[in-house]
Amino acid sequence: MRIGYARVSTQDQDNTAQIAALNSAGCGRIFEEKASAGRWDRPELSRLLDQLRKDDVLVVWKLDRLSRSLKDVLTLMETVEKAGAGFLSLTEAVDTTSPAGRMMMQIVGSFAEFERAMLHERTRSGLLAARIEGRIGGRRPKLSPTQQKEIVHLVDSGQKTAADSARLFNVHPRWQGYWPAASSQNSWAIRENP
């Protein structure tokens with residue numbers, strides 16, 4: 001029997017096209033999942049792998065729907081092979097029921113892993129370029145530098161406790177902008193942004 005696996009990464013995405021392709025390929029059963037390919041705790045994939053029997057064929061629309069890591073793909077293919085089943089990727093025309101198909105699957109898996117590594121590299125480069133230009137991602141500081149100095153003064157002078165100062169400026173007492181200094185319990189230091 002052909003068993004399909006359709007996966008999208010987020011709840012906002014739709015896997016209708018994948019399911020239509022899997023139905024057209026003759027899948028008798030289709031497991032659907034909304035989870036990142038980098039996660040190992042994918043319950044639908046686990047259920048599918050547990051139900052694979054001899055001569056079944058695991059069918060995916062595209063290889064990266066199964067995983068983007070060559071190591072993960074090879075591990076999954078080993079599980080499929082131990083069950084006596086085959087694997088078919090519709091888009092890349094990878095069919096592991098033949099030796100040539102097994103070789104092609106490893107090549108395509110290498111390209112999927114390379115594509116993911118390049119995406120990470122481009123993202124890191126973009127973040128570094130933005131940082132050099134003075135743009136820093138993340139949440140904006142809740143307190144201005146003047147307010148930060150005022151909190152330090154209030155706590156250091158003993159006029160207010162850290163918790164009282166935090167309430168005064170409407171921030172959590174464990175606000176990330178301050179760490180207790182090692183010298184004394186009442187002394188606080190501003191954490192510098194990286």
# chains A, B, ... in the order shown; residues from 1 in each chain; ligands from 1
>>> residues_around(residues="stretch 168-173 of chain A", least_positions_apart="3", cutoff="9 Å", atoms="only C-alpha atoms", output="PyMOL selection string")
chain A and resi 142-143+147+151+162-165+176
>>> write_last_selection(atoms="N, CA and C atoms", output="mmCIF file, in the first residue's frame")
data_model
loop_
_atom_site.group_PDB
_atom_site.id
_atom_site.type_symbol
_atom_site.label_atom_id
_atom_site.label_comp_id
_atom_site.auth_asym_id
_atom_site.auth_seq_id
_atom_site.Cartn_x
_atom_site.Cartn_y
_atom_site.Cartn_z
ATOM 1 N N LYS A 142 12.508 49.061 27.221
ATOM 2 C CA LYS A 142 11.297 49.562 27.859
ATOM 3 C C LYS A 142 11.552 50.885 28.569
ATOM 4 N N LEU A 143 12.758 51.049 29.075
ATOM 5 C CA LEU A 143 13.100 52.269 29.797
ATOM 6 C C LEU A 143 14.155 53.070 29.038
ATOM 7 N N GLN A 147 15.672 56.919 32.688
ATOM 8 C CA GLN A 147 14.889 56.104 33.625
ATOM 9 C C GLN A 147 15.753 55.002 34.245
ATOM 10 N N ILE A 151 16.411 54.475 38.314
ATOM 11 C CA ILE A 151 16.201 53.242 39.081
ATOM 12 C C ILE A 151 17.466 52.882 39.863
ATOM 13 N N ALA A 162 14.302 47.274 44.886
ATOM 14 C CA ALA A 162 14.279 46.983 43.453
ATOM 15 C C ALA A 162 12.852 46.735 42.988
ATOM 16 N N ALA A 163 12.070 46.009 43.797
ATOM 17 C CA ALA A 163 10.680 45.707 43.425
ATOM 18 C C ALA A 163 9.845 46.985 43.372
ATOM 19 N N ASP A 164 10.024 47.874 44.345
ATOM 20 C CA ASP A 164 9.280 49.138 44.350
ATOM 21 C C ASP A 164 9.659 49.999 43.144
ATOM 22 N N SER A 165 10.944 50.049 42.841
ATOM 23 C CA SER A 165 11.404 50.825 41.682
ATOM 24 C C SER A 165 10.826 50.258 40.392
ATOM 25 N N GLN A 176 15.203 42.722 32.601
ATOM 26 C CA GLN A 176 16.499 42.304 32.069
ATOM 27 C C GLN A 176 17.543 43.417 32.018
#
>>> residues_around(residues="A:Ser89", least_positions_apart="2", cutoff="7 Å", atoms="only C-alpha atoms", output="PyMOL selection string")
chain A and resi 59-63+87+91-95
>>> select_by_dssp(residues="stretch 29-166 of chain A", states="helix (DSSP H, G or I)", output="MDAnalysis selection string")
chainID A and resid 43:51 63:65 70:82 99:132 145:156 162:166
>>> residues_around(residues="A:Gly126", least_positions_apart="5", cutoff="12 Å", atoms="only C-alpha atoms", output="PyMOL selection string")
chain A and resi 119-121+131-133+135-137
>>> write_last_selection(atoms="C-alpha atoms", output="compact mmCIF listing (two decimals), in the first residue's frame")
# COMPACT_ATOMS: atom_id res chain seq x y z
CA LEU A 119 19.55 29.99 4.08
CA HIS A 120 21.08 30.08 7.58
CA GLU A 121 24.24 31.72 6.20
CA ARG A 131 24.01 45.33 13.21
CA ILE A 132 26.93 47.11 11.48
CA GLU A 133 24.45 49.73 10.22
CA ARG A 135 20.02 48.30 13.51
CA ILE A 136 19.59 45.77 16.28
CA GLY A 137 16.73 43.30 16.19
>>> residues_around(residues="A:Thr16", least_positions_apart="3", cutoff="12 Å", atoms="only C-alpha atoms", output="NGL selection string")
:A and (6-8 or 13 or 19-23 or 30 or 32-33 or 61)
